[in-house]
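Notes for the one structure printed next.
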Amino acid sequence: MEEERSANRGFLILSIAGILTKVLSVFYIPFLQRIIGLDGYGIYQNCYEVFLFVYAITNLGTQPAIAKVVAELTALGKKEDAIRTLKISRTVLALFGGILSIILMLFAFPIGNVIGNPSASYGILILAPSIFVTSILSSYRGYFQGRNSMSAIAVSQVIEQIINIVVSLGCAYFLVKISVEYGSAGGTVGTSIGAFIACLYMVYIYDKKSYEEEAKENHGEVRRVSTRSIIRKLVKYGLPITLSAGLQNFGSLVDMVNVNGRLAVAGFTMEQSHVLYGVLGRYKTLLSVPLIIVTALGTTVLPAIAGAVALKEKKKIRAKTSFAFRLTFIITIPAAVGLAILSKEVFELLYGTEQGYDLMMYGSVVLVLMAIVQIETVILQSMNKLYYVLGTFLIGIIAKIVANYILVAIPSINILGVVVGNFLWFMIPAILNHRALNKSLKVRIPIISNTIKPLLSSMVMALVIYLLKQPISVLMVIVEGGKLIRGITTLIVIGIGGFVYLYLMILLGGIRKKDIESISTKLYELLPRFLRMKLK
């Protein structure tokens, strides 16, 4: 029970840190756009897509692989070998990340030409060193994740983001005076510096927690695992997870290369394509905010399930899986409904314009599919179904490429075609992965029943928001409300909608007392008394 509460507290800590970093990011983007312009932001998005793909194959796959090995070894009482896993992975990742950084620097300008946007080359060049730094950082985060010590990861994420934003905005402000391309590149400078400071913090916490001294206490009490065996496990888990993470981010590269080319076929100029890609970037940024909670959930679920798999505790695996899906729907369904019905108001609040709100209005459903696939992927990876996940992503990407190729080239659809492509990209793996989970767990995962209460509560929430929007719109016209007043009213409407959803979920039993208390008793105490009385 204490282990479960610890995992849930870790989820809460990572969620809070993740939301904070994403909120900072969401408000950072409008400032960056005002500095470098929407066409400059389109260039920024292009160079960042290249960076994220390389980042994915060095970090997104290796961190969960390290966490999985560390969790297994710790569960078996082999803490010294868990420490060796960190050191081995740190050395390998530093070497691999260093090589990729050099390659990215040497080929920055050829890559810019290949993706059809030479202006992005400067940003790629500046982002290259961060691959080396983040590779080392991911080895430490993987170890802490495997030990279920989430506080250090959370703090490092916040530190990294704050430094990134401050440095990047400052550099963009000064460099845009030279050119838009330089300004876009300046907006990426903080990535390396933020990651470096976060890495120093992780090293400090690692030494402070005295993990190595703790491991020496049971020296000789258990049979040691050979270095070759550790490397074999890291490769066994890491390679398919890395390929899977690479495929996920490859989809974004497909958007960049495929979309730029097909927009040209549709008759758009290069500058117009940059603007449209910048609009797509707004949509992606907003969509990623609720997903950060799902990412935090996946981060805490992976070591828990990996440890249960190592100990062959099937009942615990099923319980963790069911909890993960239920929480995923509780978070993503109201977020998707809210973003759809308030898409115009949210875009005006954050970006000062409603341009691109239709992407969110039509594409918010993709959020739920992305979350489902993300949790399914984590669970299947924890259960060693690594290459199956890789195959389902590949099928989804092929469908995405075909949809992008056909739809983006139609002038009346243009960038909206990407939303359709993304829907297919995640719908196909969601269905296939669900079938694999049912087969592996030998029990049907109640997807439909888990969605009923969040869906009903979200529909009522949407109705309340819709009824509030009408008189507010009339009032804004009468009082000639400016952006500040409109922004405040939008935040109030969001708050009311959120309260309605929470209240209904508590009434319907979708959120229970034990759910809140398992995460934090303080969280339960913070609820108003009338809500606590309704909890079942």
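A note on labels: chains of the structure tokens are A, B, ... as shown, every chain counts residues from 1, and ligands are counted from 1 in their shown order.
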
Practice item. Tell me which protein, DNA and RNA residues are within 8 Å of region 263-270 of chain A, counting only C-alpha atoms, leaving out same-chain ones fewer than 3 positions away, and put them as a ChimeraX atom specification. Key: /A:259-260,273-274,408-411,414-415

Dump as an mmCIF file, in the first residue's frame, selection limited to N, CA, C and O atoms:
```cif
data_model
loop_
_atom_site.group_PDB
_atom_site.id
_atom_site.type_symbol
_atom_site.label_atom_id
_atom_site.label_comp_id
_atom_site.auth_asym_id
_atom_site.auth_seq_id
_atom_site.Cartn_x
_atom_site.Cartn_y
_atom_site.Cartn_z
ATOM 1 N N VAL A 259 4.362 18.230 -45.650
ATOM 2 C CA VAL A 259 3.432 19.359 -45.654
ATOM 3 C C VAL A 259 3.986 20.535 -46.455
ATOM 4 O O VAL A 259 3.281 21.137 -47.262
ATOM 5 N N ASN A 260 5.267 20.859 -46.243
ATOM 6 C CA ASN A 260 5.870 21.974 -47.000
ATOM 7 C C ASN A 260 5.760 21.742 -48.501
ATOM 8 O O ASN A 260 5.411 22.644 -49.267
ATOM 9 N N SER A 273 3.736 29.144 -46.467
ATOM 10 C CA SER A 273 3.902 27.810 -45.865
ATOM 11 C C SER A 273 4.475 27.921 -44.459
ATOM 12 O O SER A 273 4.072 27.189 -43.551
ATOM 13 N N HIS A 274 5.440 28.840 -44.275
ATOM 14 C CA HIS A 274 6.013 29.064 -42.942
ATOM 15 C C HIS A 274 4.934 29.522 -41.960
ATOM 16 O O HIS A 274 4.888 29.077 -40.812
ATOM 17 N N VAL A 408 -3.382 17.658 -47.911
ATOM 18 C CA VAL A 408 -2.713 18.960 -47.768
ATOM 19 C C VAL A 408 -2.599 19.673 -49.117
ATOM 20 O O VAL A 408 -2.610 20.911 -49.181
ATOM 21 N N ALA A 409 -2.523 18.907 -50.187
ATOM 22 C CA ALA A 409 -2.387 19.498 -51.527
ATOM 23 C C ALA A 409 -3.700 20.088 -52.037
ATOM 24 O O ALA A 409 -3.707 20.773 -53.068
ATOM 25 N N ILE A 410 -4.810 19.836 -51.339
ATOM 26 C CA ILE A 410 -6.100 20.435 -51.729
ATOM 27 C C ILE A 410 -6.176 21.831 -51.103
ATOM 28 O O ILE A 410 -6.181 21.965 -49.872
ATOM 29 N N PRO A 411 -6.195 22.898 -51.906
ATOM 30 C CA PRO A 411 -6.108 24.273 -51.374
ATOM 31 C C PRO A 411 -7.135 24.596 -50.285
ATOM 32 O O PRO A 411 -6.820 25.279 -49.308
ATOM 33 N N ASN A 414 -5.765 22.335 -47.116
ATOM 34 C CA ASN A 414 -4.373 22.644 -46.772
ATOM 35 C C ASN A 414 -3.943 22.058 -45.420
ATOM 36 O O ASN A 414 -3.941 20.847 -45.256
ATOM 37 N N ILE A 415 -3.628 22.899 -44.431
ATOM 38 C CA ILE A 415 -3.015 22.425 -43.193
ATOM 39 C C ILE A 415 -3.964 21.552 -42.354
ATOM 40 O O ILE A 415 -3.516 20.769 -41.505
#
```

Using only C-alpha atoms, which residues of region 107-174 of chain A come within 7 Å of region 67-85 of chain A, and what is the closest atom pair for each, with the distance in Å to one decimal? Give it as JSON lines, sorted by chain and residue number.
```
{"residue": "A:Gly142", "atom": "CA", "partner": "A:Ala67", "partner_atom": "CA", "distance": 4.6}
{"residue": "A:Tyr143", "atom": "CA", "partner": "A:Ala67", "partner_atom": "CA", "distance": 5.5}
{"residue": "A:Gln145", "atom": "CA", "partner": "A:Ala67", "partner_atom": "CA", "distance": 5.4}
{"residue": "A:Gly146", "atom": "CA", "partner": "A:Ala67", "partner_atom": "CA", "distance": 3.9}
{"residue": "A:Arg147", "atom": "CA", "partner": "A:Ala71", "partner_atom": "CA", "distance": 6.1}
```

**Study point:** Contact residues around region 95-97 of chain A with only C-alpha atoms at 8 Å, ignoring same-chain residues under 5 positions, as a PyMOL selection string
**Key:** chain A and resi 58+131-133+135

Preceding selection exported with N, CA, C and O atoms as a PDB file, in the first residue's frame:
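Result went into again.pdb, see below:
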```pdb
ATOM      1  N   THR A  58      17.799   9.512 -28.885  1.00  0.00           N
ATOM      2  CA  THR A  58      18.845   9.482 -27.860  1.00  0.00           C
ATOM      3  C   THR A  58      18.296   9.551 -26.447  1.00  0.00           C
ATOM      4  O   THR A  58      18.976   9.156 -25.499  1.00  0.00           O
ATOM      5  N   ILE A 131      21.976  17.890 -27.729  1.00  0.00           N
ATOM      6  CA  ILE A 131      21.796  16.438 -27.823  1.00  0.00           C
ATOM      7  C   ILE A 131      22.766  15.726 -26.884  1.00  0.00           C
ATOM      8  O   ILE A 131      22.399  14.783 -26.170  1.00  0.00           O
ATOM      9  N   PHE A 132      24.011  16.205 -26.855  1.00  0.00           N
ATOM     10  CA  PHE A 132      25.028  15.617 -25.967  1.00  0.00           C
ATOM     11  C   PHE A 132      24.633  15.796 -24.492  1.00  0.00           C
ATOM     12  O   PHE A 132      24.674  14.854 -23.700  1.00  0.00           O
ATOM     13  N   VAL A 133      24.210  17.026 -24.143  1.00  0.00           N
ATOM     14  CA  VAL A 133      23.870  17.333 -22.745  1.00  0.00           C
ATOM     15  C   VAL A 133      22.631  16.552 -22.299  1.00  0.00           C
ATOM     16  O   VAL A 133      22.607  15.947 -21.221  1.00  0.00           O
ATOM     17  N   SER A 135      21.498  13.808 -23.436  1.00  0.00           N
ATOM     18  CA  SER A 135      21.771  12.367 -23.384  1.00  0.00           C
ATOM     19  C   SER A 135      22.254  11.965 -21.990  1.00  0.00           C
ATOM     20  O   SER A 135      21.815  10.951 -21.432  1.00  0.00           O
TER      21      SER A 135
END
```

Each residue of region 263-344 of chain A with at least one atom at most 12 Å from region 244-253 of chain A should appear once, together with its nearest atom pair and the corresponding distance in Å (one decimal); atoms considered: only C-alpha atoms; ordering: chain, then increasing residue number; output as JSON lines.
```
{"residue": "A:Tyr277", "atom": "CA", "partner": "A:Ser252", "partner_atom": "CA", "distance": 11.4}
{"residue": "A:Leu280", "atom": "CA", "partner": "A:Ser252", "partner_atom": "CA", "distance": 10.9}
{"residue": "A:Gly281", "atom": "CA", "partner": "A:Ser252", "partner_atom": "CA", "distance": 10.5}
{"residue": "A:Lys284", "atom": "CA", "partner": "A:Ser252", "partner_atom": "CA", "distance": 10.1}
```

Those same residues - C-alpha atoms - I'd like them written as an mmCIF file, in the first residue's frame.
```
data_model
loop_
_atom_site.group_PDB
_atom_site.id
_atom_site.type_symbol
_atom_site.label_atom_id
_atom_site.label_comp_id
_atom_site.auth_asym_id
_atom_site.auth_seq_id
_atom_site.Cartn_x
_atom_site.Cartn_y
_atom_site.Cartn_z
ATOM 1 C CA TYR A 277 3.319 25.712 -40.253
ATOM 2 C CA LEU A 280 0.104 24.178 -36.890
ATOM 3 C CA GLY A 281 2.736 24.697 -34.184
ATOM 4 C CA LYS A 284 0.518 21.132 -31.366
#
```

Practice item. Please provide as a count of residues only all residues within 10 Å of Ile115 (chain A), with the sequence filter that same-chain residues fewer than 4 positions apart are discarded (counting only C-alpha atoms). Key: 14

Revision key, fill the gap. If you count only C-alpha atoms, the residue of A:Ser449, A:Gln470, A:Ser343, A:Gln374 closest to Ala430 (chain A) turns out to be A:Gln374
